[in-house]
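Undergrad: Got a structure for you, written out below as C-alpha cells; questions coming shortly.
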Amino acid sequence: MKKHFPSLLVLVLVISLFACHRKSKFAGDNNYIPDDIQGKEATFKANAGQVAQQITYDVVVKNNNPYDTWTTSCLQGFDRNDFVDEIFKSIYNGKLKAVDYATDKELSVNKVRELEKEILKIRNRIAKIQFTEDWYLDTTGLTMQKQVHSMVLGYEIYNDSGQVRGYRPAFKINLNTR
C-alpha cells in the first residue's frame, strides 16, 4: 500500500486540478444575452449563459378555492387587480399593444374595449397568465435573470353551476420588442 501511495496521491491531485478548471456548460456562451441584461450588471454578463430560450409556462394569479392555502400563500405578494388594471391602462393609452392570441395580429384599442364588454368584467376574471421568456443563469454568483417576451392573459370560464372549469386566452401582450 505504501508503495502505491505516491502514485495515488499524484492521480488525485491531477484529477482535482482538472476538476477545478472545468468550465460550466452555461457560462461559455454569452452570445444570446440581450443588451438590456448586459447593460444592467457587467458581472452578470461575464458569468451568465442562456439556459432557456422561449420557455412558456402558466401562472395562476387568482385563487378561487378558499381551501387552497398553498395558492393563497404563493399569491400573497401579488396585487392582481393593480397588475391587470395597469395592463389595460397601458393598452388604452398606447404604451402596450394587445395581440390576438390565435392570429398574432394586433388588436385595436376599440377591439380590446369590445372584448372587455363582451366578456363581462373580464378584468375580474383574469386568473392565469402565460409567460414566454428567456432565462439566464450566472453560475458564479448563482443568480438568474429572465427576459419576458410576451404574456397571455387568461380569463376564467365557468360550468353550468358557476364553478371555474378552465381558462380561455383573452389576448397576448408582446414585451421588449425593440
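By convention in this document, the chains of the C-alpha cells carry letters A, B, ... by their order, each chain's residues are numbered from 1, and ligands are numbered from 1 in the order they are shown.
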Please list as an mmCIF file with N, CA and C atoms, in the first residue's frame every residue within 8 Å of A:Thr132, counting only C-alpha atoms and excluding residues in the same chain fewer than 4 positions away.
TA:
```cif
data_model
loop_
_atom_site.group_PDB
_atom_site.id
_atom_site.type_symbol
_atom_site.label_atom_id
_atom_site.label_comp_id
_atom_site.auth_asym_id
_atom_site.auth_seq_id
_atom_site.Cartn_x
_atom_site.Cartn_y
_atom_site.Cartn_z
ATOM 1 N N GLN A 54 -37.168 31.013 -25.085
ATOM 2 C CA GLN A 54 -38.589 30.974 -25.417
ATOM 3 C C GLN A 54 -39.333 29.901 -24.612
ATOM 4 N N ILE A 55 -39.038 29.806 -23.316
ATOM 5 C CA ILE A 55 -39.757 28.867 -22.462
ATOM 6 C C ILE A 55 -41.124 29.459 -22.137
ATOM 7 N N THR A 56 -42.157 28.640 -22.180
ATOM 8 C CA THR A 56 -43.524 29.096 -21.957
ATOM 9 C C THR A 56 -44.120 28.318 -20.791
ATOM 10 N N TYR A 57 -44.729 29.069 -19.881
ATOM 11 C CA TYR A 57 -45.355 28.424 -18.729
ATOM 12 C C TYR A 57 -46.503 29.280 -18.215
ATOM 13 N N VAL A 148 -38.785 38.644 -20.252
ATOM 14 C CA VAL A 148 -40.138 38.279 -20.668
ATOM 15 C C VAL A 148 -40.370 38.801 -22.086
ATOM 16 N N HIS A 149 -40.748 37.906 -22.985
ATOM 17 C CA HIS A 149 -41.050 38.293 -24.368
ATOM 18 C C HIS A 149 -42.531 38.603 -24.546
ATOM 19 N N SER A 150 -43.360 37.786 -23.910
ATOM 20 C CA SER A 150 -44.799 38.010 -24.056
ATOM 21 C C SER A 150 -45.535 37.394 -22.880
ATOM 22 N N MET A 151 -46.779 37.840 -22.741
ATOM 23 C CA MET A 151 -47.665 37.233 -21.760
ATOM 24 C C MET A 151 -49.074 37.204 -22.340
#
```
Undergrad: Would you kindly return, as a ChimeraX atom specification, each protein, DNA or RNA residue with an atom no farther than 7 Å from any atom of stretch 109-116 of chain A, considering only C-alpha atoms and excluding same-chain residues fewer than 3 positions away?
TA: /A:91-92,119-122
Undergrad: What does the file look like for those residues with N, CA and C atoms, as an mmCIF file, in the first residue's frame?
TA:
```cif
data_model
loop_
_atom_site.group_PDB
_atom_site.id
_atom_site.type_symbol
_atom_site.label_atom_id
_atom_site.label_comp_id
_atom_site.auth_asym_id
_atom_site.auth_seq_id
_atom_site.Cartn_x
_atom_site.Cartn_y
_atom_site.Cartn_z
ATOM 1 N N ILE A 91 -52.605 49.562 -22.484
ATOM 2 C CA ILE A 91 -53.155 49.287 -23.819
ATOM 3 C C ILE A 91 -53.972 50.486 -24.290
ATOM 4 N N TYR A 92 -54.822 50.994 -23.412
ATOM 5 C CA TYR A 92 -55.714 52.091 -23.793
ATOM 6 C C TYR A 92 -54.961 53.399 -24.067
ATOM 7 N N ILE A 119 -66.995 40.069 -22.727
ATOM 8 C CA ILE A 119 -66.685 39.146 -21.635
ATOM 9 C C ILE A 119 -66.868 39.956 -20.358
ATOM 10 N N LEU A 120 -68.055 39.907 -19.824
ATOM 11 C CA LEU A 120 -68.421 40.771 -18.708
ATOM 12 C C LEU A 120 -67.363 40.781 -17.613
ATOM 13 N N LYS A 121 -66.952 41.990 -17.301
ATOM 14 C CA LYS A 121 -65.979 42.208 -16.230
ATOM 15 C C LYS A 121 -64.739 41.338 -16.398
ATOM 16 N N ILE A 122 -64.161 41.344 -17.588
ATOM 17 C CA ILE A 122 -63.001 40.494 -17.881
ATOM 18 C C ILE A 122 -61.850 40.733 -16.910
#
```
Undergrad: Need the shell around A:Tyr101: protein/DNA/RNA residues with any atom at most 10 Å away, counting only C-alpha atoms. Skip same-chain ones fewer than 2 positions apart. Format as a PyMOL selection string?
TA: chain A and resi 98-99+103-107+151-153+169-173
Undergrad: Could you write out that same residue set with C-alpha atoms as a JSON list (two decimals), in the first residue's frame?
TA:
```json
[["chain", "number", "residue", "atom", "x", "y", "z"],
["A", 98, "ALA", "CA", -52.72, 43.76, -27.47],
["A", 99, "VAL", "CA", -52.37, 40.93, -29.98],
["A", 103, "THR", "CA", -53.68, 35.02, -35.30],
["A", 104, "ASP", "CA", -50.89, 37.14, -33.77],
["A", 105, "LYS", "CA", -52.50, 40.22, -35.36],
["A", 106, "GLU", "CA", -52.59, 43.47, -33.44],
["A", 107, "LEU", "CA", -55.92, 44.35, -31.81],
["A", 151, "MET", "CA", -47.67, 37.23, -21.76],
["A", 152, "VAL", "CA", -51.13, 35.94, -22.50],
["A", 153, "LEU", "CA", -53.89, 36.99, -20.12],
["A", 169, "PRO", "CA", -56.94, 33.34, -23.63],
["A", 170, "ALA", "CA", -58.09, 36.96, -23.85],
["A", 171, "PHE", "CA", -55.11, 38.40, -25.73],
["A", 172, "LYS", "CA", -51.34, 38.47, -25.82],
["A", 173, "ILE", "CA", -49.01, 41.33, -24.95]]
```
Undergrad: Among the residues of stretch 103-162 of chain A, find those DSSP assigns to strand (DSSP E or B) from the backbone and print them as a VMD selection string.
TA: chain A and resid 106 126 to 138 143 to 158
